[in-house]
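Text of model05.txt (compact mmCIF, C-alpha atoms) as supplied:
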```txt
# COMPACT_ATOMS: atom_id res chain seq x y z
CA MET A 1 36.32 -4.51 71.75
CA PRO A 2 39.11 -3.00 69.58
CA PHE A 3 40.26 -6.26 67.95
CA ASN A 4 36.98 -7.59 66.59
CA ILE A 5 37.51 -8.68 62.96
CA ASN A 6 33.76 -8.80 62.31
CA GLU A 7 33.41 -5.10 63.16
CA PHE A 8 36.19 -4.32 60.71
CA ARG A 9 34.53 -6.42 57.99
CA ALA A 10 31.20 -4.71 58.66
CA ALA A 11 32.83 -1.28 58.32
CA MET A 12 34.10 -2.24 54.82
CA PRO A 13 31.20 -4.12 53.23
CA LEU A 14 32.37 -3.57 49.61
CA ASP A 15 35.93 -4.82 50.22
CA GLY A 16 37.68 -1.46 49.69
CA VAL A 17 38.91 0.45 46.64
CA ARG A 18 41.43 -1.32 44.40
CA PRO A 19 44.29 1.00 43.37
CA ASN A 20 44.70 -0.77 40.02
CA LEU A 21 41.16 0.04 38.77
CA PHE A 22 41.68 3.50 37.28
CA GLN A 23 42.00 5.26 33.96
CA VAL A 24 43.63 8.54 32.94
CA THR A 25 41.98 10.53 30.16
CA MET A 26 43.57 13.61 28.61
CA GLN A 27 43.03 15.37 25.30
CA PHE A 28 46.33 16.91 24.23
CA PRO A 29 46.00 20.63 23.40
CA PRO A 30 44.70 21.10 19.85
CA GLY A 31 47.07 22.71 17.37
CA LEU A 32 50.22 21.81 19.31
CA ILE A 33 50.58 18.07 18.69
CA GLN A 34 50.51 15.90 15.59
CA ASP A 35 48.45 12.73 16.11
CA GLY A 36 47.02 14.22 19.31
CA LEU A 37 43.87 12.08 19.19
CA VAL A 38 45.88 8.88 18.78
CA ALA A 39 48.21 9.88 21.62
CA SER A 40 45.22 10.70 23.87
CA ARG A 41 43.70 7.28 23.20
CA GLN A 42 47.01 5.51 23.77
CA LEU A 43 47.60 7.39 27.03
CA SER A 44 44.32 5.94 28.37
CA PHE A 45 45.74 2.47 27.79
CA PHE A 46 49.45 2.98 28.47
CA CYS A 47 49.36 5.14 31.61
CA HIS A 48 49.87 2.48 34.27
CA THR A 49 50.65 4.64 37.29
CA SER A 50 48.98 7.84 38.45
CA GLN A 51 47.64 9.42 41.63
CA LEU A 52 44.36 10.71 42.85
CA PRO A 53 45.05 14.37 43.67
CA GLY A 54 46.04 15.92 46.94
CA SER A 55 46.26 19.48 48.18
CA THR A 56 47.81 21.39 51.04
CA LEU A 57 46.42 24.28 53.02
CA GLY A 58 49.19 26.61 54.06
CA GLN A 59 49.56 28.13 57.50
CA VAL A 60 50.05 31.75 58.47
CA PRO A 61 51.72 31.88 61.88
CA ILE A 62 51.11 35.06 63.86
CA GLN A 63 52.87 35.92 67.10
CA TYR A 64 50.69 37.12 69.96
CA PHE A 65 52.22 37.79 73.40
CA GLY A 66 54.89 35.15 72.87
CA ARG A 67 52.48 32.53 71.54
CA GLU A 68 52.09 31.37 67.99
CA VAL A 69 48.57 31.50 66.57
CA LYS A 70 48.04 29.59 63.34
CA ILE A 71 45.60 30.81 60.71
CA ALA A 72 44.67 28.89 57.58
CA GLY A 73 46.48 30.09 54.48
CA ASN A 74 46.19 29.42 50.77
CA ARG A 75 45.74 26.06 49.09
CA THR A 76 48.51 24.65 46.89
CA PHE A 77 48.45 21.64 44.57
CA PRO A 78 51.44 19.31 44.12
CA ASP A 79 52.55 18.34 40.62
CA TRP A 80 50.94 15.24 39.10
CA THR A 81 53.14 12.38 37.91
CA LEU A 82 52.18 9.68 35.40
CA THR A 83 54.16 6.58 34.48
CA VAL A 84 53.59 5.54 30.88
CA TYR A 85 54.51 2.42 28.90
CA ALA A 86 56.58 3.35 25.84
CA ASP A 87 54.74 2.34 22.68
CA GLU A 88 56.95 1.16 19.83
CA ASP A 89 55.98 4.02 17.51
CA PHE A 90 56.55 6.55 20.34
CA THR A 91 53.24 8.31 19.55
CA THR A 92 52.48 9.18 23.16
CA ARG A 93 56.01 10.25 24.05
CA LYS A 94 56.30 12.33 20.86
CA ALA A 95 53.08 14.09 21.85
CA PHE A 96 54.59 15.09 25.21
CA GLU A 97 57.84 16.15 23.49
CA GLN A 98 55.93 18.29 20.96
CA TRP A 99 53.81 19.80 23.73
CA MET A 100 56.88 20.81 25.72
CA ALA A 101 58.61 22.14 22.58
CA ALA A 102 55.56 24.29 21.80
CA ILE A 103 55.82 25.84 25.27
CA ASN A 104 59.58 26.36 25.01
CA THR A 105 61.76 25.25 22.08
CA HIS A 106 65.10 23.52 22.56
CA THR A 107 67.25 25.91 20.57
CA THR A 108 65.59 29.32 20.41
CA ASN A 109 64.04 29.55 23.89
CA LEU A 110 60.79 30.72 22.29
CA ARG A 111 57.15 29.78 22.60
CA GLN A 112 55.27 28.67 19.49
CA GLY A 113 52.29 30.74 18.33
CA ASN A 114 49.59 28.30 19.49
CA ALA A 115 51.11 28.08 22.98
CA ARG A 116 50.83 31.73 23.97
CA SER A 117 49.11 31.27 27.33
CA THR A 118 47.96 28.63 29.80
CA LEU A 119 44.57 28.82 28.10
CA THR A 120 46.11 27.40 24.90
CA TYR A 121 49.02 25.27 26.09
CA GLY A 122 47.18 23.79 29.07
CA CYS A 123 44.51 21.13 28.92
CA ASP A 124 42.20 19.36 31.32
CA ALA A 125 42.70 15.74 32.32
CA ARG A 126 40.76 13.25 34.34
CA VAL A 127 41.37 10.24 36.55
CA ASP A 128 38.46 7.84 37.02
CA GLN A 129 38.50 5.33 39.87
CA TYR A 130 36.44 2.21 39.15
CA ALA A 131 34.62 -0.18 41.44
CA LYS A 132 35.18 -3.90 41.09
CA THR A 133 31.84 -4.01 39.26
CA GLY A 134 33.11 -1.62 36.55
CA GLU A 135 31.25 1.59 37.36
CA ILE A 136 33.06 4.85 38.07
CA ILE A 137 32.96 5.56 41.79
CA LYS A 138 35.13 8.70 41.88
CA SER A 139 36.41 11.11 39.21
CA TYR A 140 38.87 13.96 39.51
CA LYS A 141 39.43 16.63 36.89
CA TYR A 142 42.86 18.26 36.72
CA VAL A 143 42.37 21.77 35.29
CA GLY A 144 44.95 23.50 33.09
CA CYS A 145 47.66 20.79 32.93
CA TRP A 146 50.96 21.09 31.12
CA PRO A 147 54.11 18.95 31.25
CA VAL A 148 57.01 20.25 33.32
CA ASP A 149 59.22 17.14 33.25
CA LEU A 150 59.62 14.25 30.82
CA SER A 151 61.94 11.62 32.22
CA PRO A 152 64.57 9.74 30.26
CA ILE A 153 63.83 6.18 29.18
CA ASP A 154 66.30 3.72 30.63
CA VAL A 155 67.62 1.18 28.14
CA SER A 156 69.78 -1.81 29.02
CA TRP A 157 70.92 -5.04 27.39
CA ALA A 158 70.03 -6.79 30.64
CA SER A 159 66.38 -5.73 30.56
CA ASN A 160 64.63 -8.78 29.18
CA ASP A 161 60.91 -9.46 29.21
CA SER A 162 59.92 -5.90 30.06
CA ILE A 163 58.45 -2.85 28.38
CA ALA A 164 60.25 0.48 28.53
CA GLU A 165 58.49 3.20 30.49
CA TYR A 166 58.91 6.84 31.40
CA THR A 167 57.34 9.38 33.72
CA VAL A 168 55.69 12.67 32.89
CA THR A 169 55.21 15.29 35.56
CA LEU A 170 52.47 17.82 34.95
CA ALA A 171 51.71 21.08 36.71
CA TYR A 172 48.07 22.09 36.91
CA GLN A 173 46.01 24.95 38.27
CA TYR A 174 43.66 23.00 40.57
CA TRP A 175 41.47 19.90 40.66
CA THR A 176 37.76 19.39 41.03
CA ASP A 177 35.46 16.48 41.73
CA ALA A 178 34.62 15.73 38.10
CA ALA A 179 31.21 14.25 38.90
CA SER A 180 29.92 17.08 41.06
CA GLY A 181 32.15 19.98 39.99
CA VAL A 182 32.94 20.69 43.64
CA ASN A 183 36.17 22.64 44.07
```
This entry written out as structure tokens:
Amino acid sequence: MPFNINEFRAAMPLDGVRPNLFQVTMQFPPGLIQDGLVASRQLSFFCHTSQLPGSTLGQVPIQYFGREVKIAGNRTFPDWTLTVYADEDFTTRKAFEQWMAAINTHTTNLRQGNARSTLTYGCDARVDQYAKTGEIIKSYKYVGCWPVDLSPIDVSWASNDSIAEYTVTLAYQYWTDAASGVN
């Protein structure tokens, strides 16, 4: 019977994953950011929106006698967006600003010495999904991240009883299952 609530309950004995039980961990690239360790710790607390990663397999269409045959293509990875609470000393935001400035400065259009390649300006990050009991049930590692967009922070006299926030969009090379290393 398709509408049996007990079958549904039996199929989900642990009550499902809660999207609010997660943590983002990222060590900012060494040598590019002042207070990088503080910013990394704060990001674990202040990042209140993230995603578990996705990927897309491309398609290669080939024509054969008037018919289209589809063959699997290459995998691509969409950018990763975080939403972060703005701390009053701006430590975390300043870290992202310094990171982006190291990759490409505002006025000279140059890259700083420590940010010569993706091996030095990129870093790895991780998202851990927790069970309701507190253990990690799934971990993803984002490999070779760097920020590509830092959003403005909206300010308004009408915004009472709220904390300012901003988004950071990061490009990355690929992701893996952090627990098993499976690509």
Do you know which residues are at most 6 Å from stretch 90-103 of chain A counting all atoms listed in the file, after dropping those on the same chain fewer than 2 positions away, and could you put them as a PyMOL selection string?
chain A and resi 33+39+87-88+105+111-112+115
Any chance you could export the current selection's C-alpha atoms as a PDB file, in the frame of the given file?
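Below is the file result.pdb, written as the result:
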```
ATOM      1  CA  ILE A  33      50.580  18.070  18.690  1.00  0.00           C
ATOM      2  CA  ALA A  39      48.210   9.880  21.620  1.00  0.00           C
ATOM      3  CA  ASP A  87      54.740   2.340  22.680  1.00  0.00           C
ATOM      4  CA  GLU A  88      56.950   1.160  19.830  1.00  0.00           C
ATOM      5  CA  THR A 105      61.760  25.250  22.080  1.00  0.00           C
ATOM      6  CA  ARG A 111      57.150  29.780  22.600  1.00  0.00           C
ATOM      7  CA  GLN A 112      55.270  28.670  19.490  1.00  0.00           C
ATOM      8  CA  ALA A 115      51.110  28.080  22.980  1.00  0.00           C
TER       9      ALA A 115
END
```
Mind checking which residues fall within 12 Å of A:Ser40, counting only C-alpha atoms, ignoring those fewer than 2 positions away in the same chain, and posting them as a ChimeraX atom specification?
/A:23-30,33-38,42-47,91-96,123-126
Residue with smallest distance to A:Ala86 - pool A:Tyr174, A:Tyr64, A:Tyr142, A:Tyr166, counting all atoms listed in the file
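Between A:Tyr174, A:Tyr64, A:Tyr142, A:Tyr166, the residue approaching A:Ala86 most closely is A:Tyr166.
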Can you pull out every residue within 8 Å of A:Gly122, counting all atoms listed in the file, but drop anything in the same chain fewer than 6 positions away, and send it as a ChimeraX atom specification?
/A:29,144-146
Which one is closest to A:Asn104: A:Ala171, A:Ala72, A:Met12, A:Leu32? Count only C-alpha atoms.
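Smallest separation from A:Asn104 among the options: A:Leu32.
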Suppose you want the space between atom CA of A:Ala164 and atom CA of A:Leu150; what is it in Å?
14.0 Å
Identify, on the basis of only C-alpha atoms, every residue whose closest approach to A:Gly134 does not exceed 12 Å; exclude the query and any residue fewer than 3 positions from it along the same chain; express the result as a ChimeraX atom specification.
/A:17-18,21-23,128-131,137-138
Using only C-alpha atoms, please write the residues we just selected to a file, as a CSV table (one decimal), in the coordinates of the input.
```
chain,number,residue,atom,x,y,z
A,17,VAL,CA,38.9,0.4,46.6
A,18,ARG,CA,41.4,-1.3,44.4
A,21,LEU,CA,41.2,0.0,38.8
A,22,PHE,CA,41.7,3.5,37.3
A,23,GLN,CA,42.0,5.3,34.0
A,128,ASP,CA,38.5,7.8,37.0
A,129,GLN,CA,38.5,5.3,39.9
A,130,TYR,CA,36.4,2.2,39.2
A,131,ALA,CA,34.6,-0.2,41.4
A,137,ILE,CA,33.0,5.6,41.8
A,138,LYS,CA,35.1,8.7,41.9
```
Your completed stretch 57-83 of chain A with N, CA, C and O atoms, as a short mmCIF file (atom, residue, chain, number, x, y, z; two decimals), keeping the file's coordinate frame:
```
data_model
loop_
_atom_site.label_atom_id
_atom_site.label_comp_id
_atom_site.auth_asym_id
_atom_site.auth_seq_id
_atom_site.Cartn_x
_atom_site.Cartn_y
_atom_site.Cartn_z
N LEU A 57 46.78 22.94 52.56
CA LEU A 57 46.42 24.28 53.02
C LEU A 57 47.60 24.83 53.80
O LEU A 57 48.07 24.22 54.75
N GLY A 58 48.07 25.98 53.38
CA GLY A 58 49.19 26.61 54.06
C GLY A 58 48.78 27.15 55.42
O GLY A 58 47.60 27.19 55.77
N GLN A 59 49.79 27.56 56.18
CA GLN A 59 49.56 28.13 57.50
C GLN A 59 50.19 29.51 57.57
O GLN A 59 51.27 29.73 57.01
N VAL A 60 49.51 30.41 58.23
CA VAL A 60 50.05 31.75 58.47
C VAL A 60 50.24 31.88 59.97
O VAL A 60 49.28 32.05 60.72
N PRO A 61 51.49 31.73 60.44
CA PRO A 61 51.72 31.88 61.88
C PRO A 61 51.79 33.36 62.28
O PRO A 61 52.44 34.16 61.62
N ILE A 62 51.11 33.70 63.33
CA ILE A 62 51.11 35.06 63.86
C ILE A 62 51.52 34.99 65.33
O ILE A 62 51.04 34.14 66.07
N GLN A 63 52.42 35.88 65.71
CA GLN A 63 52.87 35.92 67.10
C GLN A 63 51.96 36.83 67.92
O GLN A 63 51.65 37.94 67.50
N TYR A 64 51.54 36.34 69.07
CA TYR A 64 50.69 37.12 69.96
C TYR A 64 51.14 36.88 71.40
O TYR A 64 50.99 35.77 71.92
N PHE A 65 51.74 37.87 72.02
CA PHE A 65 52.22 37.79 73.40
C PHE A 65 53.07 36.54 73.63
O PHE A 65 52.88 35.81 74.60
N GLY A 66 53.99 36.28 72.70
CA GLY A 66 54.89 35.15 72.87
C GLY A 66 54.32 33.80 72.45
O GLY A 66 54.98 32.78 72.59
N ARG A 67 53.10 33.79 71.99
CA ARG A 67 52.48 32.53 71.54
C ARG A 67 52.27 32.58 70.03
O ARG A 67 52.01 33.63 69.46
N GLU A 68 52.34 31.44 69.42
CA GLU A 68 52.09 31.37 67.99
C GLU A 68 50.63 30.97 67.76
O GLU A 68 50.15 29.97 68.29
N VAL A 69 49.95 31.78 66.97
CA VAL A 69 48.57 31.50 66.57
C VAL A 69 48.62 31.14 65.09
O VAL A 69 49.22 31.88 64.30
N LYS A 70 48.02 30.03 64.73
CA LYS A 70 48.04 29.59 63.34
C LYS A 70 46.69 29.89 62.68
O LYS A 70 45.65 29.58 63.23
N ILE A 71 46.77 30.48 61.50
CA ILE A 71 45.60 30.81 60.71
C ILE A 71 45.74 30.10 59.37
O ILE A 71 46.84 30.02 58.82
N ALA A 72 44.63 29.59 58.87
CA ALA A 72 44.67 28.89 57.58
C ALA A 72 45.11 29.83 56.47
O ALA A 72 44.67 30.98 56.40
N GLY A 73 45.97 29.31 55.60
CA GLY A 73 46.48 30.09 54.48
C GLY A 73 45.88 29.64 53.16
O GLY A 73 44.73 29.18 53.11
N ASN A 74 46.65 29.75 52.12
CA ASN A 74 46.19 29.42 50.77
C ASN A 74 46.43 27.96 50.44
O ASN A 74 47.36 27.33 50.95
N ARG A 75 45.62 27.44 49.54
CA ARG A 75 45.74 26.06 49.09
C ARG A 75 46.77 25.98 47.96
O ARG A 75 46.80 26.83 47.09
N THR A 76 47.58 24.94 47.98
CA THR A 76 48.51 24.65 46.89
C THR A 76 48.27 23.22 46.43
O THR A 76 47.75 22.38 47.17
N PHE A 77 48.67 22.95 45.18
CA PHE A 77 48.45 21.64 44.57
C PHE A 77 49.79 21.08 44.09
O PHE A 77 50.47 21.73 43.30
N PRO A 78 50.16 19.89 44.56
CA PRO A 78 51.44 19.31 44.12
C PRO A 78 51.36 18.88 42.66
O PRO A 78 50.28 18.62 42.13
N ASP A 79 52.51 18.82 42.00
CA ASP A 79 52.55 18.34 40.62
C ASP A 79 52.00 16.92 40.54
O ASP A 79 51.99 16.17 41.52
N TRP A 80 51.58 16.53 39.36
CA TRP A 80 50.94 15.24 39.10
C TRP A 80 51.87 14.42 38.22
O TRP A 80 52.30 14.90 37.17
N THR A 81 52.20 13.22 38.65
CA THR A 81 53.14 12.38 37.91
C THR A 81 52.44 11.15 37.36
O THR A 81 51.71 10.46 38.08
N LEU A 82 52.69 10.88 36.08
CA LEU A 82 52.18 9.68 35.40
C LEU A 82 53.35 8.81 34.99
O LEU A 82 54.41 9.33 34.62
N THR A 83 53.18 7.51 35.05
CA THR A 83 54.16 6.58 34.48
C THR A 83 53.49 5.92 33.30
O THR A 83 52.37 5.41 33.41
#
```
